[in-house]
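Here is query-v9.cif, consisting of mmCIF, C-alpha atoms:
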data_upload
#
loop_
_atom_site.group_PDB
_atom_site.id
_atom_site.type_symbol
_atom_site.label_atom_id
_atom_site.label_comp_id
_atom_site.auth_asym_id
_atom_site.auth_seq_id
_atom_site.Cartn_x
_atom_site.Cartn_y
_atom_site.Cartn_z
ATOM 1 C CA MET A 26 10.746 -14.505 5.989
ATOM 2 C CA ASN A 27 8.066 -15.082 3.371
ATOM 3 C CA GLN A 28 8.515 -13.233 0.119
ATOM 4 C CA THR A 29 5.587 -11.503 -1.545
ATOM 5 C CA THR A 30 5.197 -11.783 -5.302
ATOM 6 C CA THR A 31 2.605 -9.010 -5.553
ATOM 7 C CA GLN A 32 1.525 -5.929 -3.658
ATOM 8 C CA ASP A 33 -0.539 -6.265 -0.494
ATOM 9 C CA ALA A 34 -4.282 -5.873 -1.092
ATOM 10 C CA SER A 35 -5.160 -2.366 -2.210
ATOM 11 C CA PRO A 36 -5.570 -0.133 0.882
ATOM 12 C CA PRO A 37 -7.551 3.122 1.112
ATOM 13 C CA ALA A 38 -5.798 6.301 0.037
ATOM 14 C CA VAL A 39 -3.243 7.463 2.613
ATOM 15 C CA ALA A 40 -3.042 11.209 3.215
ATOM 16 C CA THR A 41 -0.667 11.082 6.189
ATOM 17 C CA THR A 42 1.154 8.571 8.366
ATOM 18 C CA ASN A 43 1.967 8.331 12.056
ATOM 19 C CA LEU A 44 4.350 5.407 12.379
ATOM 20 C CA PRO A 45 6.168 4.303 15.581
ATOM 21 C CA LEU A 46 9.490 5.789 14.427
ATOM 22 C CA PRO A 47 10.965 9.269 14.932
ATOM 23 C CA LEU A 48 9.475 11.585 12.279
ATOM 24 C CA LEU A 49 12.193 13.666 10.623
ATOM 25 C CA ALA A 50 10.203 15.512 7.971
ATOM 26 C CA ARG A 51 6.752 15.757 6.454
ATOM 27 C CA GLY A 52 6.945 17.159 2.937
ATOM 28 C CA LYS A 53 4.341 17.825 0.287
ATOM 29 C CA VAL A 54 4.151 14.112 -0.515
ATOM 30 C CA ARG A 55 6.602 12.170 1.673
ATOM 31 C CA ASP A 56 6.838 11.404 5.359
ATOM 32 C CA VAL A 57 10.447 10.636 6.349
ATOM 33 C CA TYR A 58 11.309 8.614 9.464
ATOM 34 C CA ASP A 59 14.545 7.779 11.241
ATOM 35 C CA ALA A 60 14.950 4.006 10.900
ATOM 36 C CA GLY A 61 18.189 3.854 12.923
ATOM 37 C CA GLU A 62 21.594 2.550 11.846
ATOM 38 C CA ASN A 63 22.024 5.431 9.348
ATOM 39 C CA ARG A 64 18.807 4.460 7.579
ATOM 40 C CA LEU A 65 15.626 6.316 6.683
ATOM 41 C CA LEU A 66 12.119 5.086 5.958
ATOM 42 C CA ILE A 67 10.656 7.229 3.166
ATOM 43 C CA VAL A 68 6.880 6.866 2.910
ATOM 44 C CA ALA A 69 5.234 8.263 -0.220
ATOM 45 C CA THR A 70 1.712 9.237 0.786
ATOM 46 C CA ASP A 71 -1.127 9.868 -1.653
ATOM 47 C CA ARG A 72 -0.971 13.611 -1.044
ATOM 48 C CA ILE A 73 -0.835 15.717 -4.185
ATOM 49 C CA SER A 74 0.331 19.282 -4.641
ATOM 50 C CA ALA A 75 -0.043 21.791 -7.430
ATOM 51 C CA PHE A 76 1.321 25.326 -7.606
ATOM 52 C CA ASP A 77 3.183 24.518 -4.356
ATOM 53 C CA VAL A 78 -0.090 23.937 -2.476
ATOM 54 C CA VAL A 79 -1.168 20.542 -1.097
ATOM 55 C CA LEU A 80 -4.715 19.642 -2.155
ATOM 56 C CA PRO A 81 -7.294 18.378 0.380
ATOM 57 C CA GLN A 82 -8.020 15.093 -1.406
ATOM 58 C CA PRO A 83 -5.363 12.360 -1.755
ATOM 59 C CA ILE A 84 -4.987 10.446 -5.038
ATOM 60 C CA PRO A 85 -5.457 6.676 -4.539
ATOM 61 C CA HIS A 86 -2.406 4.551 -5.467
ATOM 62 C CA LYS A 87 -0.201 7.598 -6.179
ATOM 63 C CA GLY A 88 2.325 6.953 -3.403
ATOM 64 C CA THR A 89 2.667 3.288 -4.283
ATOM 65 C CA VAL A 90 3.231 4.156 -7.942
ATOM 66 C CA LEU A 91 5.990 6.618 -6.999
ATOM 67 C CA THR A 92 7.736 4.104 -4.727
ATOM 68 C CA GLN A 93 7.558 0.993 -6.879
ATOM 69 C CA LEU A 94 8.327 2.838 -10.112
ATOM 70 C CA THR A 95 11.434 4.264 -8.444
ATOM 71 C CA ALA A 96 12.468 0.747 -7.402
ATOM 72 C CA TRP A 97 11.855 -0.471 -10.963
ATOM 73 C CA TRP A 98 14.060 2.244 -12.438
ATOM 74 C CA LEU A 99 16.822 1.761 -9.873
ATOM 75 C CA ALA A 100 17.006 -1.915 -10.862
ATOM 76 C CA ARG A 101 17.838 -0.659 -14.370
ATOM 77 C CA LEU A 102 20.375 1.961 -13.326
ATOM 78 C CA GLY A 103 22.790 -0.087 -11.224
ATOM 79 C CA ASP A 104 25.494 0.114 -13.882
ATOM 80 C CA VAL A 105 25.050 3.894 -14.168
ATOM 81 C CA THR A 106 25.075 4.957 -10.527
ATOM 82 C CA GLU A 107 24.977 3.625 -7.000
ATOM 83 C CA ASN A 108 21.780 4.546 -5.118
ATOM 84 C CA HIS A 109 20.363 4.704 -1.596
ATOM 85 C CA LEU A 110 17.723 1.966 -1.804
ATOM 86 C CA ILE A 111 17.970 -0.918 0.656
ATOM 87 C CA SER A 112 14.513 -2.331 -0.083
ATOM 88 C CA SER A 113 10.971 -1.396 -1.109
ATOM 89 C CA ASP A 114 9.664 -4.941 -0.466
ATOM 90 C CA PRO A 115 7.147 -4.818 2.422
ATOM 91 C CA ASP A 116 8.327 -8.177 3.776
ATOM 92 C CA ALA A 117 11.961 -7.047 3.865
ATOM 93 C CA ILE A 118 11.017 -3.762 5.527
ATOM 94 C CA ALA A 119 8.831 -5.525 8.112
ATOM 95 C CA HIS A 120 11.717 -7.881 8.907
ATOM 96 C CA ALA A 121 14.122 -4.953 9.352
ATOM 97 C CA LEU A 122 11.647 -2.806 11.328
ATOM 98 C CA PRO A 123 9.336 -5.091 13.376
ATOM 99 C CA ALA A 124 7.721 -2.107 15.118
ATOM 100 C CA LEU A 125 5.860 -1.348 11.880
ATOM 101 C CA ALA A 126 3.933 -4.638 11.836
ATOM 102 C CA ALA A 127 0.686 -3.312 13.312
ATOM 103 C CA GLN A 128 0.380 -0.574 10.658
ATOM 104 C CA ARG A 129 1.434 -2.569 7.622
ATOM 105 C CA GLU A 130 -1.627 -1.609 5.575
ATOM 106 C CA VAL A 131 -0.611 2.059 5.912
ATOM 107 C CA TRP A 132 3.013 1.865 4.722
ATOM 108 C CA ALA A 133 3.304 -1.361 2.689
ATOM 109 C CA GLY A 134 4.108 -0.792 -0.971
ATOM 110 C CA ARG A 135 4.587 2.949 -0.589
ATOM 111 C CA SER A 136 7.767 2.837 1.528
ATOM 112 C CA MET A 137 11.484 2.659 0.812
ATOM 113 C CA LEU A 138 14.087 1.712 3.401
ATOM 114 C CA VAL A 139 17.167 3.667 2.339
ATOM 115 C CA ARG A 140 20.639 4.672 3.405
ATOM 116 C CA SER A 141 20.862 8.098 4.991
ATOM 117 C CA THR A 142 23.052 10.614 3.169
ATOM 118 C CA ARG A 143 24.194 14.205 3.278
ATOM 119 C CA VAL A 144 22.035 15.731 0.543
ATOM 120 C CA VAL A 145 23.755 17.717 -2.209
ATOM 121 C CA PRO A 146 21.924 21.113 -2.304
ATOM 122 C CA ILE A 147 21.300 21.039 -6.064
ATOM 123 C CA GLU A 148 18.383 19.817 -8.174
ATOM 124 C CA CYS A 149 19.995 18.057 -11.141
ATOM 125 C CA VAL A 150 17.589 18.788 -13.988
ATOM 126 C CA VAL A 151 17.994 17.318 -17.460
ATOM 127 C CA ARG A 152 15.894 18.621 -20.324
ATOM 128 C CA GLY A 153 15.509 16.642 -23.537
ATOM 129 C CA TYR A 154 12.688 18.854 -24.798
ATOM 130 C CA LEU A 155 11.977 22.556 -24.445
ATOM 131 C CA SER A 156 8.903 22.906 -22.239
ATOM 132 C CA GLY A 157 7.501 24.413 -19.064
ATOM 133 C CA SER A 158 9.608 27.094 -17.398
ATOM 134 C CA ALA A 159 12.435 26.464 -19.880
ATOM 135 C CA TRP A 160 10.159 27.310 -22.814
ATOM 136 C CA LYS A 161 8.921 30.469 -21.051
ATOM 137 C CA GLU A 162 12.482 31.701 -20.509
ATOM 138 C CA TYR A 163 13.596 30.811 -24.026
ATOM 139 C CA ARG A 164 10.576 32.535 -25.571
ATOM 140 C CA THR A 165 11.420 35.827 -23.888
ATOM 141 C CA GLU A 166 15.221 35.687 -23.521
ATOM 142 C CA GLY A 167 16.509 33.032 -25.923
ATOM 143 C CA THR A 168 18.270 31.401 -22.969
ATOM 144 C CA LEU A 169 17.916 28.623 -20.423
ATOM 145 C CA ALA A 170 19.110 29.573 -16.925
ATOM 146 C CA GLY A 171 20.880 32.517 -18.528
ATOM 147 C CA GLU A 172 22.783 30.418 -21.084
ATOM 148 C CA ALA A 173 22.065 30.898 -24.795
ATOM 149 C CA LEU A 174 20.175 28.292 -26.821
ATOM 150 C CA PRO A 175 19.993 28.081 -30.636
ATOM 151 C CA ALA A 176 17.539 30.437 -32.331
ATOM 152 C CA GLY A 177 14.317 29.223 -33.921
ATOM 153 C CA LEU A 178 13.266 26.574 -31.390
ATOM 154 C CA VAL A 179 9.553 26.005 -30.789
ATOM 155 C CA ASP A 180 7.502 24.877 -27.813
ATOM 156 C CA SER A 181 8.228 21.195 -27.022
ATOM 157 C CA ALA A 182 11.161 21.061 -29.471
ATOM 158 C CA ARG A 183 13.572 18.151 -28.972
ATOM 159 C CA LEU A 184 16.961 19.226 -27.635
ATOM 160 C CA ASP A 185 19.933 17.376 -29.130
ATOM 161 C CA PRO A 186 21.949 16.798 -27.072
ATOM 162 C CA PRO A 187 19.874 17.004 -23.877
ATOM 163 C CA ILE A 188 20.759 19.924 -21.617
ATOM 164 C CA PHE A 189 21.829 19.728 -17.989
ATOM 165 C CA SER A 190 20.024 22.571 -16.230
ATOM 166 C CA PRO A 191 20.731 22.716 -12.478
ATOM 167 C CA ALA A 192 18.581 24.470 -9.917
ATOM 168 C CA THR A 193 18.918 25.427 -6.303
ATOM 169 C CA LYS A 194 16.826 23.430 -3.831
ATOM 170 C CA ALA A 195 14.186 25.677 -2.265
ATOM 171 C CA GLU A 196 12.752 24.853 1.152
ATOM 172 C CA THR A 197 9.527 26.584 0.125
ATOM 173 C CA GLY A 198 8.271 27.823 -3.228
ATOM 174 C CA HIS A 199 9.910 27.128 -6.567
ATOM 175 C CA ASP A 200 13.490 26.017 -7.167
ATOM 176 C CA GLU A 201 15.626 28.577 -9.009
ATOM 177 C CA ASN A 202 17.344 27.682 -12.290
ATOM 178 C CA ILE A 203 21.040 28.511 -12.151
ATOM 179 C CA THR A 204 23.965 28.381 -14.558
ATOM 180 C CA PHE A 205 26.481 25.564 -14.445
ATOM 181 C CA GLY A 206 29.084 28.113 -13.432
ATOM 182 C CA ARG A 207 27.050 29.112 -10.394
ATOM 183 C CA MET A 208 26.561 25.436 -9.560
ATOM 184 C CA LYS A 209 30.347 25.062 -9.464
ATOM 185 C CA ASP A 210 30.501 27.938 -7.008
ATOM 186 C CA VAL A 211 28.050 26.083 -4.749
ATOM 187 C CA VAL A 212 29.465 22.526 -4.816
ATOM 188 C CA GLY A 213 32.906 22.794 -6.423
ATOM 189 C CA ASP A 214 34.167 21.960 -9.906
ATOM 190 C CA ALA A 215 34.767 18.225 -9.486
ATOM 191 C CA LEU A 216 31.388 17.442 -7.905
ATOM 192 C CA ALA A 217 29.541 19.654 -10.401
ATOM 193 C CA ASP A 218 31.187 17.840 -13.316
ATOM 194 C CA GLU A 219 30.321 14.413 -11.864
ATOM 195 C CA LEU A 220 26.715 15.382 -11.122
ATOM 196 C CA ARG A 221 26.281 16.587 -14.702
ATOM 197 C CA ARG A 222 27.891 13.472 -16.165
ATOM 198 C CA ARG A 223 25.839 11.116 -14.048
ATOM 199 C CA SER A 224 22.555 12.992 -14.542
ATOM 200 C CA LEU A 225 22.912 12.965 -18.322
ATOM 201 C CA ALA A 226 23.707 9.235 -18.257
ATOM 202 C CA ILE A 227 20.623 8.470 -16.141
ATOM 203 C CA TYR A 228 18.443 10.568 -18.418
ATOM 204 C CA ALA A 229 19.797 8.798 -21.506
ATOM 205 C CA ARG A 230 18.947 5.397 -20.021
ATOM 206 C CA GLY A 231 15.487 6.567 -18.972
ATOM 207 C CA ARG A 232 14.766 8.117 -22.371
ATOM 208 C CA ASP A 233 15.764 4.952 -24.212
ATOM 209 C CA VAL A 234 13.681 2.659 -21.980
ATOM 210 C CA ALA A 235 10.625 4.935 -22.177
ATOM 211 C CA GLU A 236 10.834 5.224 -25.962
ATOM 212 C CA LYS A 237 10.476 1.439 -26.251
ATOM 213 C CA VAL A 238 6.931 1.711 -24.916
ATOM 214 C CA GLY A 239 5.970 4.877 -26.778
ATOM 215 C CA ILE A 240 6.633 7.370 -23.987
ATOM 216 C CA ILE A 241 8.700 10.532 -24.344
ATOM 217 C CA LEU A 242 10.790 11.544 -21.321
ATOM 218 C CA ALA A 243 10.697 15.307 -21.832
ATOM 219 C CA ASP A 244 12.631 16.323 -18.736
ATOM 220 C CA THR A 245 13.353 15.155 -15.222
ATOM 221 C CA LYS A 246 15.195 16.006 -12.037
ATOM 222 C CA PHE A 247 17.473 13.963 -9.813
ATOM 223 C CA GLU A 248 18.817 14.354 -6.314
ATOM 224 C CA PHE A 249 22.102 13.046 -4.980
ATOM 225 C CA GLY A 250 23.669 12.621 -1.585
ATOM 226 C CA THR A 251 26.962 11.509 -0.104
ATOM 227 C CA LEU A 252 27.579 8.674 2.330
ATOM 228 C CA PRO A 253 29.832 9.172 5.371
ATOM 229 C CA ASP A 254 32.798 7.877 3.334
ATOM 230 C CA GLY A 255 32.133 10.486 0.641
ATOM 231 C CA THR A 256 30.560 8.139 -1.927
ATOM 232 C CA LEU A 257 28.122 9.993 -4.188
ATOM 233 C CA ILE A 258 24.810 8.153 -4.683
ATOM 234 C CA LEU A 259 21.422 8.754 -6.294
ATOM 235 C CA ILE A 260 18.625 9.393 -3.772
ATOM 236 C CA ASP A 261 14.891 10.139 -3.513
ATOM 237 C CA GLU A 262 12.403 9.271 -6.253
ATOM 238 C CA VAL A 263 13.636 8.573 -9.770
ATOM 239 C CA LEU A 264 11.858 9.015 -13.110
ATOM 240 C CA THR A 265 8.335 9.091 -11.686
ATOM 241 C CA PRO A 266 5.368 11.187 -12.874
ATOM 242 C CA ASP A 267 6.133 13.583 -9.993
ATOM 243 C CA SER A 268 9.826 14.038 -10.836
ATOM 244 C CA ALA A 269 9.708 13.707 -14.635
ATOM 245 C CA ARG A 270 7.576 14.976 -17.488
ATOM 246 C CA PHE A 271 6.258 12.022 -19.505
ATOM 247 C CA TRP A 272 4.449 12.599 -22.796
ATOM 248 C CA PRO A 273 2.548 10.020 -24.876
ATOM 249 C CA GLY A 274 4.644 9.538 -27.992
ATOM 250 C CA GLU A 275 1.657 8.917 -30.234
ATOM 251 C CA SER A 276 0.372 12.492 -29.827
ATOM 252 C CA TYR A 277 3.678 14.389 -29.801
ATOM 253 C CA THR A 278 3.538 17.491 -32.007
ATOM 254 C CA PRO A 279 6.240 20.175 -31.745
ATOM 255 C CA GLY A 280 5.054 23.763 -31.625
ATOM 256 C CA ARG A 281 2.504 23.359 -28.846
ATOM 257 C CA ALA A 282 2.231 22.180 -25.263
ATOM 258 C CA GLN A 283 1.923 18.401 -24.885
ATOM 259 C CA PRO A 284 -0.480 16.366 -22.727
ATOM 260 C CA SER A 285 1.316 14.875 -19.733
ATOM 261 C CA LEU A 286 0.981 11.438 -18.136
ATOM 262 C CA ASP A 287 0.776 12.852 -14.624
ATOM 263 C CA LYS A 288 -1.362 15.196 -12.511
ATOM 264 C CA GLN A 289 -2.473 17.267 -15.503
ATOM 265 C CA PRO A 290 -6.199 16.832 -14.641
ATOM 266 C CA VAL A 291 -5.548 18.513 -11.283
ATOM 267 C CA ARG A 292 -3.650 21.400 -12.857
ATOM 268 C CA ASP A 293 -6.329 21.858 -15.532
ATOM 269 C CA PHE A 294 -9.096 21.941 -12.921
ATOM 270 C CA LEU A 295 -7.249 24.463 -10.780
ATOM 271 C CA GLU A 296 -6.328 26.669 -13.734
ATOM 272 C CA GLY A 297 -10.021 26.755 -14.571
ATOM 273 C CA LEU A 298 -10.787 28.063 -11.089
ATOM 274 C CA VAL A 299 -8.026 30.653 -11.398
ATOM 275 C CA SER A 300 -9.360 31.878 -14.753
ATOM 276 C CA LYS A 301 -12.800 32.310 -13.162
ATOM 277 C CA GLY A 302 -11.363 34.237 -10.231
ATOM 278 C CA VAL A 303 -12.440 31.525 -7.790
ATOM 279 C CA TRP A 304 -8.933 30.701 -6.532
ATOM 280 C CA SER A 305 -5.666 32.668 -6.379
ATOM 281 C CA LYS A 306 -3.142 29.789 -6.164
ATOM 282 C CA GLU A 307 -2.737 30.503 -2.451
ATOM 283 C CA PRO A 308 -3.691 28.263 0.502
ATOM 284 C CA PRO A 309 -6.178 26.990 1.352
ATOM 285 C CA ALA A 310 -6.549 24.815 -1.721
ATOM 286 C CA PRO A 311 -10.002 24.056 -3.108
ATOM 287 C CA ASP A 312 -11.557 20.597 -2.975
ATOM 288 C CA LEU A 313 -11.035 18.329 -5.965
ATOM 289 C CA PRO A 314 -14.119 16.805 -7.589
ATOM 290 C CA LEU A 315 -14.308 13.013 -7.474
ATOM 291 C CA GLU A 316 -13.919 12.732 -11.247
ATOM 292 C CA VAL A 317 -10.646 14.713 -11.139
ATOM 293 C CA VAL A 318 -9.315 12.470 -8.361
ATOM 294 C CA GLN A 319 -10.261 9.334 -10.305
ATOM 295 C CA GLU A 320 -8.841 10.566 -13.610
ATOM 296 C CA THR A 321 -5.567 11.555 -11.962
ATOM 297 C CA SER A 322 -5.247 8.184 -10.220
ATOM 298 C CA ALA A 323 -5.876 6.461 -13.548
ATOM 299 C CA ARG A 324 -3.044 8.424 -15.169
ATOM 300 C CA TYR A 325 -0.544 7.358 -12.518
ATOM 301 C CA LEU A 326 -1.621 3.730 -12.879
ATOM 302 C CA ASP A 327 -1.471 3.950 -16.675
ATOM 303 C CA VAL A 328 2.088 5.287 -16.872
ATOM 304 C CA PHE A 329 3.157 2.642 -14.342
ATOM 305 C CA LYS A 330 1.744 -0.180 -16.464
ATOM 306 C CA ARG A 331 3.056 1.246 -19.731
ATOM 307 C CA LEU A 332 6.578 1.409 -18.338
ATOM 308 C CA THR A 333 6.777 -1.772 -16.246
ATOM 309 C CA GLY A 334 4.311 -4.011 -18.063
ATOM 310 C CA PHE A 335 2.540 -4.775 -14.757
ATOM 311 C CA ASP A 336 -0.685 -3.691 -13.131
ATOM 312 C CA LEU A 337 0.332 -2.070 -9.858
ATOM 313 C CA LEU A 338 -1.149 -4.739 -7.586
ATOM 314 C CA ALA A 339 0.585 -7.513 -9.552
ATOM 315 C CA PHE A 340 4.021 -5.885 -9.494
ATOM 316 C CA PRO A 341 6.806 -8.178 -8.156
ATOM 317 C CA VAL A 342 7.856 -6.024 -5.203
ATOM 318 C CA HIS A 343 10.538 -8.475 -4.060
ATOM 319 C CA ASP A 344 12.241 -8.392 -7.482
ATOM 320 C CA PRO A 345 11.587 -5.130 -9.366
ATOM 321 C CA GLY A 346 14.246 -6.015 -11.905
ATOM 322 C CA ARG A 347 12.073 -8.862 -13.202
ATOM 323 C CA ALA A 348 9.397 -6.596 -14.678
ATOM 324 C CA ARG A 349 9.683 -5.794 -18.369
ATOM 325 C CA PRO A 350 10.759 -3.816 -20.384
ATOM 326 C CA GLY A 351 14.279 -2.585 -19.806
ATOM 327 C CA PRO A 352 17.776 -2.682 -21.314
#
Target encoding structure tokens, full file:
Amino acid sequence: MNQTTTQDASPPAVATTNLPLPLLARGKVRDVYDAGENRLLIVATDRISAFDVVLPQPIPHKGTVLTQLTAWWLARLGDVTENHLISSDPDAIAHALPALAAQREVWAGRSMLVRSTRVVPIECVVRGYLSGSAWKEYRTEGTLAGEALPAGLVDSARLDPPIFSPATKAETGHDENITFGRMKDVVGDALADELRRRSLAIYARGRDVAEKVGIILADTKFEFGTLPDGTLILIDEVLTPDSARFWPGESYTPGRAQPSLDKQPVRDFLEGLVSKGVWSKEPPAPDLPLEVVQETSARYLDVFKRLTGFDLLAFPVHDPGRARPGP
């Protein structure tokens, strides 16, 4: 098997896939296939959603950024937690699943071959800064998921120590923030304690690595699953612009909302339509202008390079641990 040292040539944006494997799920972004032998193939498309609605236009390179950035982070988290990744290297995946050969340009770079797990029904959210829905709740109630926070905090204030803020996993619509006590009712005391411990440790590692390149990891969410033998492992995407809130450190100013290194151009465009009464945040979603698509793609590529030190197409997919920086 030949090993690739870079990504395959840049393909067109991929909005959906139809691979010769049993399709298990098609989410807002990911297509999940049964790869046999207790394995899944998770394909991150270039679909983008906002306000729980999938937009008509895909964002070029987005899915590949999500997949390879996850692989890069997992290479830096092996001492913190076991994870589900078998490989994100296209050559390794093609060797394991020969039926995919004819459609390589569709899935290569954006796919992870992973171990199948029983998913824990909790979103493990860690907040290092007070923003988004957490800031809205604090501003009105002085709490986060019903638990009191210190008085006098401002929008985007740093939280020391970071706060573990679990949520229920919603099949549709928004996840619901819950207290740690309610989380224990759902999964049991021992598992709840371990999920909190592990989530805070992953966040701490991610925050420290991001700070080295001038990026603030404001908050993030993790998902976990259990193997047939009961082993708890980290699953899904990890510390990507879709699962974490990254802020440029050079412009951070407490007391106001911060610019995000993610799909902010899409949200800003849609909010503009809402303010004009053109759209109600309900399907069908409006078309995105070309400039919004291009600006959003550029943001995903920029955060990828700032974190890994590599342009996306030059990333060493067969050895994600080789890319700088990292602990």
Margin query: For the PyMOL selection byres ((chain A and resi 78) around 9), applied here, can you spell out every residue it catches as a PyMOL selection string?
Written below: chain A and resi 53+73-77+79-80+306-310
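Around the point (14.5, 15.2, -20.3), within 9 Å and counting only C-alpha atoms, we find these residues: Val150, Val151, Arg152, Gly153, Tyr154, Leu155, Leu184, Pro187, Ile188, Phe189, Leu225, Tyr228, Ala229, Gly231, Arg232, Ile241, Leu242, Ala243, Asp244, Thr245, Lys246, Ala269, Arg270 and Phe271 of chain A.
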Item checked: Non-local contacts of Ala119 (chain A) (9 Å; only C-alpha atoms; under 5 positions in same chain excluded) as a VMD selection string -> chain A and resid 114 124 to 126 129 133
Next item on the list: Could you tell me how far CA of Val139 (chain A) lies from CA of Leu65 (chain A), in Å and to one decimal?
Entry: 5.3 Å
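Note that CA of Ala100 (chain A) and CA of Glu148 (chain A) are 21.9 Å apart.
Taking CA of Asp267 (chain A) and CA of Ala96 (chain A) as endpoints, the distance between them is 14.5 Å.
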Next item on the list: Could you list the residues chosen by the PyMOL selection byres ((chain A and resi 169) around 12) in this structure as a ChimeraX atom specification?
Entry: /A:150-152,154-168,170-175,184,188-192,201-205
Do you know which residues lie at most 12 Å from (-1.5, 7.1, -29.0), with coordinates as in the file and all atoms listed in the file counted, and could you write them as a PDB file with C-alpha atoms, in the frame of the given file?
ATOM      1  CA  VAL A 238       6.931   1.711 -24.916  1.00  0.00           C
ATOM      2  CA  GLY A 239       5.970   4.877 -26.778  1.00  0.00           C
ATOM      3  CA  ILE A 240       6.633   7.370 -23.987  1.00  0.00           C
ATOM      4  CA  ILE A 241       8.700  10.532 -24.344  1.00  0.00           C
ATOM      5  CA  TRP A 272       4.449  12.599 -22.796  1.00  0.00           C
ATOM      6  CA  PRO A 273       2.548  10.020 -24.876  1.00  0.00           C
ATOM      7  CA  GLY A 274       4.644   9.538 -27.992  1.00  0.00           C
ATOM      8  CA  GLU A 275       1.657   8.917 -30.234  1.00  0.00           C
ATOM      9  CA  SER A 276       0.372  12.492 -29.827  1.00  0.00           C
ATOM     10  CA  TYR A 277       3.678  14.389 -29.801  1.00  0.00           C
ATOM     11  CA  THR A 278       3.538  17.491 -32.007  1.00  0.00           C
ATOM     12  CA  PRO A 284      -0.480  16.366 -22.727  1.00  0.00           C
ATOM     13  CA  LEU A 286       0.981  11.438 -18.136  1.00  0.00           C
ATOM     14  CA  ARG A 331       3.056   1.246 -19.731  1.00  0.00           C
TER      15      ARG A 331
END
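Using only C-alpha atoms, the shortest contact distance between Leu49 (chain A) and any of A:Leu259, A:Ser141, A:Pro314, A:Gly88 is found at A:Ser141.
Selection check: the PyMOL selection byres ((chain A and resi 294-300) around 10) on the shown file gives Ala75, Phe76, Gln289, Pro290, Val291, Arg292, Asp293, Lys301, Gly302, Val303, Trp304, Ser305, Lys306, Ala310, Pro311, Asp312, Leu313, Pro314 and Val317 of chain A.
If you measure from each of A:Ser285, A:Ser136, A:Gln319, A:Thr106 to Val57 (chain A) using all atoms listed in the file, the closest one turns out to be A:Ser136.
Nearest residue to Ala182 (chain A), choosing from A:Ala127, A:Ile227, A:Met208, A:Ala282 and counting only C-alpha atoms: A:Ala282.
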Since the input lacks atoms, please generate N, CA and C atoms for region 76-87 of chain A and provide them as an mmCIF file, keeping the file's coordinate frame.
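The resulting out21.cif:
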data_model
loop_
_atom_site.group_PDB
_atom_site.id
_atom_site.type_symbol
_atom_site.label_atom_id
_atom_site.label_comp_id
_atom_site.auth_asym_id
_atom_site.auth_seq_id
_atom_site.Cartn_x
_atom_site.Cartn_y
_atom_site.Cartn_z
ATOM 1 N N PHE A 76 1.001 23.918 -7.859
ATOM 2 C CA PHE A 76 1.321 25.326 -7.606
ATOM 3 C C PHE A 76 1.815 25.511 -6.166
ATOM 4 N N ASP A 77 2.563 24.499 -5.684
ATOM 5 C CA ASP A 77 3.183 24.518 -4.356
ATOM 6 C C ASP A 77 2.167 24.506 -3.213
ATOM 7 N N VAL A 78 0.952 24.045 -3.490
ATOM 8 C CA VAL A 78 -0.090 23.937 -2.476
ATOM 9 C C VAL A 78 -0.583 22.493 -2.436
ATOM 10 N N VAL A 79 -0.668 21.907 -1.236
ATOM 11 C CA VAL A 79 -1.168 20.542 -1.097
ATOM 12 C C VAL A 79 -2.692 20.562 -1.146
ATOM 13 N N LEU A 80 -3.274 19.706 -1.978
ATOM 14 C CA LEU A 80 -4.715 19.642 -2.155
ATOM 15 C C LEU A 80 -5.369 18.836 -1.029
ATOM 16 N N PRO A 81 -6.640 19.092 -0.724
ATOM 17 C CA PRO A 81 -7.294 18.378 0.380
ATOM 18 C C PRO A 81 -7.476 16.886 0.138
ATOM 19 N N GLN A 82 -7.731 16.496 -1.114
ATOM 20 C CA GLN A 82 -8.020 15.093 -1.406
ATOM 21 C C GLN A 82 -6.754 14.350 -1.853
ATOM 22 N N PRO A 83 -6.467 13.192 -1.262
ATOM 23 C CA PRO A 83 -5.363 12.360 -1.755
ATOM 24 C C PRO A 83 -5.767 11.635 -3.032
ATOM 25 N N ILE A 84 -4.763 11.159 -3.771
ATOM 26 C CA ILE A 84 -4.987 10.446 -5.038
ATOM 27 C C ILE A 84 -4.685 8.965 -4.810
ATOM 28 N N PRO A 85 -5.696 8.099 -4.812
ATOM 29 C CA PRO A 85 -5.457 6.676 -4.539
ATOM 30 C C PRO A 85 -4.363 6.081 -5.427
ATOM 31 N N HIS A 86 -3.490 5.293 -4.804
ATOM 32 C CA HIS A 86 -2.406 4.551 -5.467
ATOM 33 C C HIS A 86 -1.192 5.405 -5.825
ATOM 34 N N LYS A 87 -1.286 6.731 -5.718
ATOM 35 C CA LYS A 87 -0.201 7.598 -6.179
ATOM 36 C C LYS A 87 1.113 7.282 -5.472
#
